Amino acid sequence: MSRFSNKAYLQEMTAHLQPELAFPIGRPEEWPRWRQALRAKVAELLGDVSTPRAEPGADVLERRDDDGYVREKIAVCSKEGVKVPAYLLTPTNEHGDGGRRRAVLCLHGHGHGKDDVVGDPGEGTEEERARRAAWIAEHNYAYARRFARMGFVVLAPEARGFGERAAGSEHGCYIPGVISLVLGLPIPGQRLRDDMSALDYLCSLPNVDAARVGCAGLSEGGRRTLYLAAMDDRVKAAVISGYYNTLRGAIREWEKLSGWDICNYVPGLLRYADYTDLAALIAPRPLLIESGTEDPLYDQQAVQEALDITARAYAALGAPEHFDVDVFAGDHMWSGRKSFAWIDHWL
């Protein structure tokens, strides 16, 4: 190690670090206690997401008929008086189980917010709308619309910092991210509280079967899915797209981290757990990981390490068939080759 290199120092520290609450794969007698301890620690690091949330409820702001479903724009009640704008997609066909349908929480990533996952180019000039529509198509982003047309009730909440929740003076994620860190309220915790409130509302709907609710997301939406499914057992099946590797591997490769946003980070997380340990909190519930081989944000060795570790965790828990991967030839995008059928099968 160079005497002057902080990069070498941090990489060496990471390489030798043993997270305190890593999944005890060979010690099944410890699994219940481990799960409880890691969830409590993650809740603490995120800024205490275990605090009570608002009663499920929402205001309906707009309503329109779409191809095969009704789309409502709503405002979901979250913690501390915060309202979460969201799209609720309700299929219009007759398919359902006694009037109660399966449901999916569709979480967006960086981009234009909830509009992306419903395939809406939003407002603006014809040129702006065309550019956004092309961007949505390029990333295969409109998975919420696809799930609704399959007969799922879909809720697509808008994350803090995007769409209607990104005033021009907020400077994206960076300045809110810095302020959030000094307040001890990292953005992943703020977004998780909102996503839990959205899940509260989705599960409360009379036409939704709360025992058959899934979650799916691309990029930052994949990170949101990872945390929500890890921390909330109501998510019965999950798809994480464009967001999975080991943190150790990401730090080992270093340069790719320049493409990661400040809203990814939870201070102190790696002292206790890697992303693979969060995925082990999801197990044995069904989990599918999508990852593009040309994704510039992730080193393929670190991705494969994470996939191998997670496969071993599911096997140890006696549910190897509940974990699957879709490693596809593509960029940072939603694949969909397996994900729609995966959610359809397990719910």
# chains A, B, ... in the order shown; residues from 1 in each chain; ligands from 1
>>> residues_around(residues="Gly336 in chain A", least_positions_apart="5", cutoff="10 Å", atoms="only C-alpha atoms", output="PDB file with N, CA and C atoms, in the first residue's frame")
ATOM      1  N   ASN A 140     -36.650   0.605 -21.420  1.00  0.00           N
ATOM      2  CA  ASN A 140     -37.741  -0.354 -21.230  1.00  0.00           C
ATOM      3  C   ASN A 140     -38.447  -0.074 -19.900  1.00  0.00           C
ATOM      4  N   TYR A 141     -38.692   1.210 -19.644  1.00  0.00           N
ATOM      5  CA  TYR A 141     -39.004   1.679 -18.297  1.00  0.00           C
ATOM      6  C   TYR A 141     -40.456   1.481 -17.863  1.00  0.00           C
ATOM      7  N   TYR A 143     -42.632  -0.462 -16.868  1.00  0.00           N
ATOM      8  CA  TYR A 143     -43.051  -1.758 -16.323  1.00  0.00           C
ATOM      9  C   TYR A 143     -44.322  -1.661 -15.500  1.00  0.00           C
ATOM     10  N   ARG A 146     -47.120  -2.235 -17.882  1.00  0.00           N
ATOM     11  CA  ARG A 146     -47.175  -3.646 -18.292  1.00  0.00           C
ATOM     12  C   ARG A 146     -47.849  -4.494 -17.210  1.00  0.00           C
ATOM     13  N   VAL A 239     -38.442  -7.932  -7.585  1.00  0.00           N
ATOM     14  CA  VAL A 239     -37.527  -7.872  -8.722  1.00  0.00           C
ATOM     15  C   VAL A 239     -36.643  -6.645  -8.537  1.00  0.00           C
ATOM     16  N   SER A 241     -33.711  -4.616 -10.377  1.00  0.00           N
ATOM     17  CA  SER A 241     -33.109  -4.463 -11.698  1.00  0.00           C
ATOM     18  C   SER A 241     -32.091  -3.331 -11.678  1.00  0.00           C
ATOM     19  N   GLU A 290     -32.141  -8.683 -11.994  1.00  0.00           N
ATOM     20  CA  GLU A 290     -31.791  -8.375 -13.383  1.00  0.00           C
ATOM     21  C   GLU A 290     -30.489  -7.573 -13.392  1.00  0.00           C
ATOM     22  N   ASP A 326     -31.443 -12.796 -14.099  1.00  0.00           N
ATOM     23  CA  ASP A 326     -31.528 -12.511 -15.535  1.00  0.00           C
ATOM     24  C   ASP A 326     -30.342 -11.618 -15.868  1.00  0.00           C
ATOM     25  N   PHE A 328     -28.414 -10.212 -18.678  1.00  0.00           N
ATOM     26  CA  PHE A 328     -28.727 -10.038 -20.095  1.00  0.00           C
ATOM     27  C   PHE A 328     -27.703  -9.131 -20.763  1.00  0.00           C
ATOM     28  N   ALA A 341     -43.066 -12.653 -15.752  1.00  0.00           N
ATOM     29  CA  ALA A 341     -43.496 -14.023 -15.488  1.00  0.00           C
ATOM     30  C   ALA A 341     -43.165 -14.441 -14.059  1.00  0.00           C
ATOM     31  N   TRP A 342     -42.054 -13.928 -13.520  1.00  0.00           N
ATOM     32  CA  TRP A 342     -41.643 -14.243 -12.145  1.00  0.00           C
ATOM     33  C   TRP A 342     -42.692 -13.749 -11.141  1.00  0.00           C
TER      34      TRP A 342
END
>>> closest_residue(among="A:Gly242, A:Arg160, A:Leu278, A:Leu317", to="Val303 in chain A", atoms="only C-alpha atoms")
A:Gly242
>>> closest_atom_pairs(of="range 93-192 of chain A", to="range 211-233 of chain A", cutoff="8 Å", atoms="only C-alpha atoms", output="JSON lines")
{"residue": "A:Arg102", "atom": "CA", "partner": "A:Arg212", "partner_atom": "CA", "distance": 5.3}
{"residue": "A:Ala103", "atom": "CA", "partner": "A:Val213", "partner_atom": "CA", "distance": 4.8}
{"residue": "A:Val104", "atom": "CA", "partner": "A:Gly214", "partner_atom": "CA", "distance": 4.6}
{"residue": "A:Leu105", "atom": "CA", "partner": "A:Cys215", "partner_atom": "CA", "distance": 4.6}
{"residue": "A:Cys106", "atom": "CA", "partner": "A:Ala216", "partner_atom": "CA", "distance": 5.1}
{"residue": "A:Leu107", "atom": "CA", "partner": "A:Gly221", "partner_atom": "CA", "distance": 4.6}
{"residue": "A:His108", "atom": "CA", "partner": "A:Gly221", "partner_atom": "CA", "distance": 4.5}
{"residue": "A:Gly109", "atom": "CA", "partner": "A:Glu220", "partner_atom": "CA", "distance": 4.1}
{"residue": "A:His110", "atom": "CA", "partner": "A:Glu220", "partner_atom": "CA", "distance": 6.2}
{"residue": "A:Tyr141", "atom": "CA", "partner": "A:Leu218", "partner_atom": "CA", "distance": 7.9}
{"residue": "A:Pro188", "atom": "CA", "partner": "A:Arg224", "partner_atom": "CA", "distance": 7.5}
{"residue": "A:Arg191", "atom": "CA", "partner": "A:Arg224", "partner_atom": "CA", "distance": 7.5}
{"residue": "A:Leu192", "atom": "CA", "partner": "A:Leu228", "partner_atom": "CA", "distance": 6.4}
>>> write_last_selection(atoms="C-alpha atoms", output="PDB file, in the first residue's frame")
ATOM      1  CA  ARG A 102     -52.772  -9.166  -6.918  1.00  0.00           C
ATOM      2  CA  ALA A 103     -50.770  -5.960  -6.678  1.00  0.00           C
ATOM      3  CA  VAL A 104     -47.293  -4.605  -7.417  1.00  0.00           C
ATOM      4  CA  LEU A 105     -45.504  -1.584  -6.012  1.00  0.00           C
ATOM      5  CA  CYS A 106     -43.482  -0.222  -8.957  1.00  0.00           C
ATOM      6  CA  LEU A 107     -40.576   1.972  -7.878  1.00  0.00           C
ATOM      7  CA  HIS A 108     -38.786   4.312 -10.283  1.00  0.00           C
ATOM      8  CA  GLY A 109     -35.139   5.307 -10.390  1.00  0.00           C
ATOM      9  CA  HIS A 110     -33.306   8.447 -11.482  1.00  0.00           C
ATOM     10  CA  TYR A 141     -39.004   1.679 -18.297  1.00  0.00           C
ATOM     11  CA  PRO A 188     -32.535   6.015   1.641  1.00  0.00           C
ATOM     12  CA  ARG A 191     -37.537   7.207   0.787  1.00  0.00           C
ATOM     13  CA  LEU A 192     -38.051   3.916   2.612  1.00  0.00           C
TER      14      LEU A 192
END
>>> select_by_dssp(residues="range 17-227 of chain A", states="strand (DSSP E or B)", output="ChimeraX atom specification")
/A:58-65,69-77,83-91,97,100-107,153-157,208-218
>>> write_last_selection(atoms="N, CA and C atoms", output="short mmCIF file (atom, residue, chain, number, x, y, z; two decimals), in the first residue's frame")
data_model
loop_
_atom_site.label_atom_id
_atom_site.label_comp_id
_atom_site.auth_asym_id
_atom_site.auth_seq_id
_atom_site.Cartn_x
_atom_site.Cartn_y
_atom_site.Cartn_z
N ALA A 58 -55.34 8.45 1.14
CA ALA A 58 -54.86 9.19 -0.02
C ALA A 58 -55.95 10.09 -0.55
N ASP A 59 -55.54 11.18 -1.16
CA ASP A 59 -56.45 12.08 -1.87
C ASP A 59 -56.33 11.80 -3.36
N VAL A 60 -57.47 11.69 -4.04
CA VAL A 60 -57.47 11.49 -5.48
C VAL A 60 -57.43 12.85 -6.15
N LEU A 61 -56.41 13.08 -7.00
CA LEU A 61 -56.20 14.38 -7.62
C LEU A 61 -56.64 14.41 -9.08
N GLU A 62 -56.47 13.31 -9.78
CA GLU A 62 -56.84 13.22 -11.19
C GLU A 62 -57.27 11.80 -11.50
N ARG A 63 -58.02 11.64 -12.58
CA ARG A 63 -58.44 10.31 -13.01
C ARG A 63 -58.56 10.29 -14.52
N ARG A 64 -58.04 9.22 -15.13
CA ARG A 64 -58.15 9.09 -16.58
C ARG A 64 -58.22 7.62 -16.95
N ASP A 65 -58.93 7.32 -18.02
CA ASP A 65 -58.99 5.96 -18.54
C ASP A 65 -57.81 5.74 -19.48
N TYR A 69 -56.80 -0.12 -18.18
CA TYR A 69 -56.81 0.22 -16.76
C TYR A 69 -57.20 1.68 -16.57
N VAL A 70 -57.56 2.00 -15.34
CA VAL A 70 -57.82 3.39 -14.95
C VAL A 70 -56.60 3.90 -14.20
N ARG A 71 -56.13 5.07 -14.56
CA ARG A 71 -54.98 5.67 -13.88
C ARG A 71 -55.44 6.86 -13.05
N GLU A 72 -55.20 6.78 -11.75
CA GLU A 72 -55.50 7.88 -10.85
C GLU A 72 -54.20 8.47 -10.31
N LYS A 73 -54.13 9.76 -10.29
CA LYS A 73 -53.04 10.44 -9.60
C LYS A 73 -53.52 10.72 -8.18
N ILE A 74 -52.78 10.25 -7.19
CA ILE A 74 -53.20 10.39 -5.81
C ILE A 74 -52.07 10.97 -4.97
N ALA A 75 -52.40 11.38 -3.76
CA ALA A 75 -51.42 11.85 -2.78
C ALA A 75 -51.56 10.99 -1.54
N VAL A 76 -50.56 10.14 -1.29
CA VAL A 76 -50.60 9.20 -0.18
C VAL A 76 -50.05 9.85 1.08
N CYS A 77 -50.71 9.62 2.20
CA CYS A 77 -50.25 10.17 3.48
C CYS A 77 -49.01 9.41 3.95
N LYS A 83 -46.89 14.32 2.03
CA LYS A 83 -47.74 13.65 1.06
C LYS A 83 -46.87 13.12 -0.09
N VAL A 84 -47.15 11.89 -0.50
CA VAL A 84 -46.39 11.23 -1.55
C VAL A 84 -47.24 11.16 -2.81
N PRO A 85 -46.91 11.93 -3.87
CA PRO A 85 -47.67 11.79 -5.12
C PRO A 85 -47.40 10.42 -5.74
N ALA A 86 -48.42 9.84 -6.32
CA ALA A 86 -48.30 8.48 -6.86
C ALA A 86 -49.35 8.28 -7.95
N TYR A 87 -49.10 7.29 -8.79
CA TYR A 87 -50.11 6.82 -9.74
C TYR A 87 -50.64 5.49 -9.23
N LEU A 88 -51.96 5.37 -9.22
CA LEU A 88 -52.62 4.11 -8.92
C LEU A 88 -53.27 3.61 -10.20
N LEU A 89 -52.87 2.42 -10.64
CA LEU A 89 -53.39 1.83 -11.86
C LEU A 89 -54.28 0.65 -11.49
N THR A 90 -55.55 0.74 -11.91
CA THR A 90 -56.53 -0.30 -11.58
C THR A 90 -57.05 -0.92 -12.87
N PRO A 91 -56.80 -2.21 -13.10
CA PRO A 91 -57.27 -2.86 -14.34
C PRO A 91 -58.78 -2.81 -14.46
N ASP A 97 -59.70 -12.45 -8.16
CA ASP A 97 -60.03 -13.55 -7.25
C ASP A 97 -61.05 -13.04 -6.23
N ARG A 100 -60.73 -9.41 -5.36
CA ARG A 100 -59.45 -8.95 -4.80
C ARG A 100 -58.33 -9.37 -5.75
N ARG A 101 -57.52 -8.42 -6.10
CA ARG A 101 -56.48 -8.64 -7.10
C ARG A 101 -55.08 -8.68 -6.49
N ARG A 102 -54.19 -9.27 -7.24
CA ARG A 102 -52.77 -9.17 -6.92
C ARG A 102 -52.30 -7.73 -7.19
N ALA A 103 -51.22 -7.34 -6.54
CA ALA A 103 -50.77 -5.96 -6.68
C ALA A 103 -49.25 -5.89 -6.72
N VAL A 104 -48.74 -4.83 -7.34
CA VAL A 104 -47.29 -4.60 -7.42
C VAL A 104 -47.00 -3.14 -7.12
N LEU A 105 -46.04 -2.91 -6.25
CA LEU A 105 -45.50 -1.58 -6.01
C LEU A 105 -44.36 -1.39 -7.00
N CYS A 106 -44.50 -0.46 -7.92
CA CYS A 106 -43.48 -0.22 -8.96
C CYS A 106 -42.70 1.05 -8.62
N LEU A 107 -41.42 0.88 -8.36
CA LEU A 107 -40.58 1.97 -7.88
C LEU A 107 -39.64 2.44 -8.99
N VAL A 153 -53.18 -4.66 -9.76
CA VAL A 153 -53.30 -3.29 -9.26
C VAL A 153 -51.87 -2.79 -9.02
N VAL A 154 -51.57 -1.61 -9.51
CA VAL A 154 -50.20 -1.09 -9.44
C VAL A 154 -50.19 0.26 -8.75
N LEU A 155 -49.24 0.45 -7.84
CA LEU A 155 -49.03 1.74 -7.22
C LEU A 155 -47.60 2.17 -7.51
N ALA A 156 -47.44 3.36 -8.08
CA ALA A 156 -46.13 3.89 -8.44
C ALA A 156 -45.90 5.21 -7.70
N PRO A 157 -45.30 5.16 -6.50
CA PRO A 157 -45.08 6.38 -5.72
C PRO A 157 -43.85 7.15 -6.21
N VAL A 208 -57.57 -5.17 -3.25
CA VAL A 208 -56.23 -5.76 -3.28
C VAL A 208 -56.13 -6.89 -2.27
N ASP A 209 -55.54 -8.00 -2.70
CA ASP A 209 -55.24 -9.12 -1.81
C ASP A 209 -53.88 -8.84 -1.17
N ALA A 210 -53.88 -8.40 0.09
CA ALA A 210 -52.65 -7.98 0.76
C ALA A 210 -51.67 -9.12 0.95
N ALA A 211 -52.11 -10.35 0.77
CA ALA A 211 -51.21 -11.50 0.88
C ALA A 211 -50.49 -11.78 -0.43
N ARG A 212 -50.81 -11.01 -1.50
CA ARG A 212 -50.19 -11.23 -2.80
C ARG A 212 -49.75 -9.90 -3.40
N VAL A 213 -48.77 -9.28 -2.72
CA VAL A 213 -48.25 -7.98 -3.15
C VAL A 213 -46.75 -8.10 -3.42
N GLY A 214 -46.32 -7.64 -4.59
CA GLY A 214 -44.92 -7.67 -4.95
C GLY A 214 -44.34 -6.28 -5.08
N CYS A 215 -43.04 -6.22 -5.36
CA CYS A 215 -42.36 -4.94 -5.53
C CYS A 215 -41.30 -5.10 -6.60
N ALA A 216 -41.14 -4.08 -7.45
CA ALA A 216 -40.17 -4.14 -8.54
C ALA A 216 -39.64 -2.74 -8.82
N GLY A 217 -38.36 -2.67 -9.22
CA GLY A 217 -37.81 -1.37 -9.54
C GLY A 217 -36.49 -1.45 -10.27
N LEU A 218 -36.21 -0.41 -11.05
CA LEU A 218 -34.97 -0.29 -11.82
C LEU A 218 -34.08 0.76 -11.18
#
>>> residues_around(residues="Arg131 in chain A", least_positions_apart="5", cutoff="12 Å", atoms="only C-alpha atoms", output="PyMOL selection string")
chain A and resi 112+120-126+136-138
>>> write_last_selection(atoms="all heavy atoms", output="PDB file, in the first residue's frame")
ATOM      1  N   HIS A 112     -37.407  10.913 -14.518  1.00  0.00           N
ATOM      2  CA  HIS A 112     -38.521  11.848 -14.427  1.00  0.00           C
ATOM      3  C   HIS A 112     -39.551  11.424 -13.391  1.00  0.00           C
ATOM      4  O   HIS A 112     -40.683  11.895 -13.409  1.00  0.00           O
ATOM      5  CB  HIS A 112     -39.175  11.998 -15.798  1.00  0.00           C
ATOM      6  CG  HIS A 112     -38.188  12.256 -16.900  1.00  0.00           C
ATOM      7  ND1 HIS A 112     -37.859  11.289 -17.832  1.00  0.00           N
ATOM      8  CD2 HIS A 112     -37.434  13.337 -17.187  1.00  0.00           C
ATOM      9  CE1 HIS A 112     -36.948  11.782 -18.655  1.00  0.00           C
ATOM     10  NE2 HIS A 112     -36.676  13.021 -18.295  1.00  0.00           N
ATOM     11  N   ASP A 120     -45.294   7.660 -19.398  1.00  0.00           N
ATOM     12  CA  ASP A 120     -45.851   8.978 -19.709  1.00  0.00           C
ATOM     13  C   ASP A 120     -44.709   9.973 -19.914  1.00  0.00           C
ATOM     14  O   ASP A 120     -43.925  10.212 -18.988  1.00  0.00           O
ATOM     15  CB  ASP A 120     -46.748   9.440 -18.557  1.00  0.00           C
ATOM     16  CG  ASP A 120     -47.547  10.690 -18.905  1.00  0.00           C
ATOM     17  OD1 ASP A 120     -47.127  11.447 -19.805  1.00  0.00           O
ATOM     18  OD2 ASP A 120     -48.586  10.923 -18.262  1.00  0.00           O
ATOM     19  N   PRO A 121     -44.578  10.576 -21.091  1.00  0.00           N
ATOM     20  CA  PRO A 121     -43.494  11.542 -21.319  1.00  0.00           C
ATOM     21  C   PRO A 121     -43.702  12.867 -20.612  1.00  0.00           C
ATOM     22  O   PRO A 121     -42.824  13.735 -20.643  1.00  0.00           O
ATOM     23  CB  PRO A 121     -43.493  11.721 -22.841  1.00  0.00           C
ATOM     24  CG  PRO A 121     -44.887  11.403 -23.252  1.00  0.00           C
ATOM     25  CD  PRO A 121     -45.367  10.338 -22.320  1.00  0.00           C
ATOM     26  N   GLY A 122     -44.833  13.040 -19.952  1.00  0.00           N
ATOM     27  CA  GLY A 122     -45.070  14.244 -19.165  1.00  0.00           C
ATOM     28  C   GLY A 122     -45.384  15.468 -19.996  1.00  0.00           C
ATOM     29  O   GLY A 122     -45.643  15.385 -21.210  1.00  0.00           O
ATOM     30  N   GLU A 123     -45.341  16.613 -19.337  1.00  0.00           N
ATOM     31  CA  GLU A 123     -45.644  17.871 -20.006  1.00  0.00           C
ATOM     32  C   GLU A 123     -44.385  18.469 -20.621  1.00  0.00           C
ATOM     33  O   GLU A 123     -43.268  18.085 -20.286  1.00  0.00           O
ATOM     34  CB  GLU A 123     -46.268  18.855 -19.010  1.00  0.00           C
ATOM     35  CG  GLU A 123     -47.576  18.362 -18.402  1.00  0.00           C
ATOM     36  CD  GLU A 123     -48.150  19.346 -17.406  1.00  0.00           C
ATOM     37  OE1 GLU A 123     -47.454  20.336 -17.091  1.00  0.00           O
ATOM     38  OE2 GLU A 123     -49.273  19.122 -16.950  1.00  0.00           O
ATOM     39  N   GLY A 124     -44.590  19.421 -21.529  1.00  0.00           N
ATOM     40  CA  GLY A 124     -43.465  20.088 -22.168  1.00  0.00           C
ATOM     41  C   GLY A 124     -43.714  20.273 -23.643  1.00  0.00           C
ATOM     42  O   GLY A 124     -44.813  20.006 -24.157  1.00  0.00           O
ATOM     43  N   THR A 125     -42.698  20.736 -24.335  1.00  0.00           N
ATOM     44  CA  THR A 125     -42.805  20.920 -25.772  1.00  0.00           C
ATOM     45  C   THR A 125     -42.857  19.556 -26.459  1.00  0.00           C
ATOM     46  O   THR A 125     -42.544  18.527 -25.853  1.00  0.00           O
ATOM     47  CB  THR A 125     -41.610  21.709 -26.313  1.00  0.00           C
ATOM     48  OG1 THR A 125     -40.416  20.916 -26.138  1.00  0.00           O
ATOM     49  CG2 THR A 125     -41.441  23.027 -25.570  1.00  0.00           C
ATOM     50  N   GLU A 126     -43.243  19.574 -27.714  1.00  0.00           N
ATOM     51  CA  GLU A 126     -43.296  18.319 -28.475  1.00  0.00           C
ATOM     52  C   GLU A 126     -41.922  17.661 -28.509  1.00  0.00           C
ATOM     53  O   GLU A 126     -41.803  16.432 -28.401  1.00  0.00           O
ATOM     54  CB  GLU A 126     -43.789  18.612 -29.890  1.00  0.00           C
ATOM     55  CG  GLU A 126     -43.984  17.363 -30.729  1.00  0.00           C
ATOM     56  CD  GLU A 126     -44.594  17.676 -32.089  1.00  0.00           C
ATOM     57  OE1 GLU A 126     -45.200  18.760 -32.247  1.00  0.00           O
ATOM     58  OE2 GLU A 126     -44.442  16.824 -32.994  1.00  0.00           O
ATOM     59  N   ILE A 136     -37.617   6.643 -22.178  1.00  0.00           N
ATOM     60  CA  ILE A 136     -38.402   5.581 -21.533  1.00  0.00           C
ATOM     61  C   ILE A 136     -38.304   4.295 -22.334  1.00  0.00           C
ATOM     62  O   ILE A 136     -38.099   3.209 -21.783  1.00  0.00           O
ATOM     63  CB  ILE A 136     -39.866   6.030 -21.364  1.00  0.00           C
ATOM     64  CG1 ILE A 136     -39.969   7.160 -20.332  1.00  0.00           C
ATOM     65  CG2 ILE A 136     -40.750   4.853 -20.957  1.00  0.00           C
ATOM     66  CD1 ILE A 136     -41.332   7.827 -20.292  1.00  0.00           C
ATOM     67  N   ALA A 137     -38.426   4.401 -23.653  1.00  0.00           N
ATOM     68  CA  ALA A 137     -38.348   3.216 -24.509  1.00  0.00           C
ATOM     69  C   ALA A 137     -36.961   2.599 -24.460  1.00  0.00           C
ATOM     70  O   ALA A 137     -36.814   1.369 -24.406  1.00  0.00           O
ATOM     71  CB  ALA A 137     -38.719   3.594 -25.941  1.00  0.00           C
ATOM     72  N   GLU A 138     -35.927   3.434 -24.454  1.00  0.00           N
ATOM     73  CA  GLU A 138     -34.545   2.942 -24.427  1.00  0.00           C
ATOM     74  C   GLU A 138     -34.271   2.119 -23.171  1.00  0.00           C
ATOM     75  O   GLU A 138     -33.545   1.127 -23.208  1.00  0.00           O
ATOM     76  CB  GLU A 138     -33.592   4.135 -24.490  1.00  0.00           C
ATOM     77  CG  GLU A 138     -32.116   3.766 -24.401  1.00  0.00           C
ATOM     78  CD  GLU A 138     -31.223   4.989 -24.310  1.00  0.00           C
ATOM     79  OE1 GLU A 138     -31.736   6.124 -24.472  1.00  0.00           O
ATOM     80  OE2 GLU A 138     -30.017   4.823 -24.057  1.00  0.00           O
TER      81      GLU A 138
END
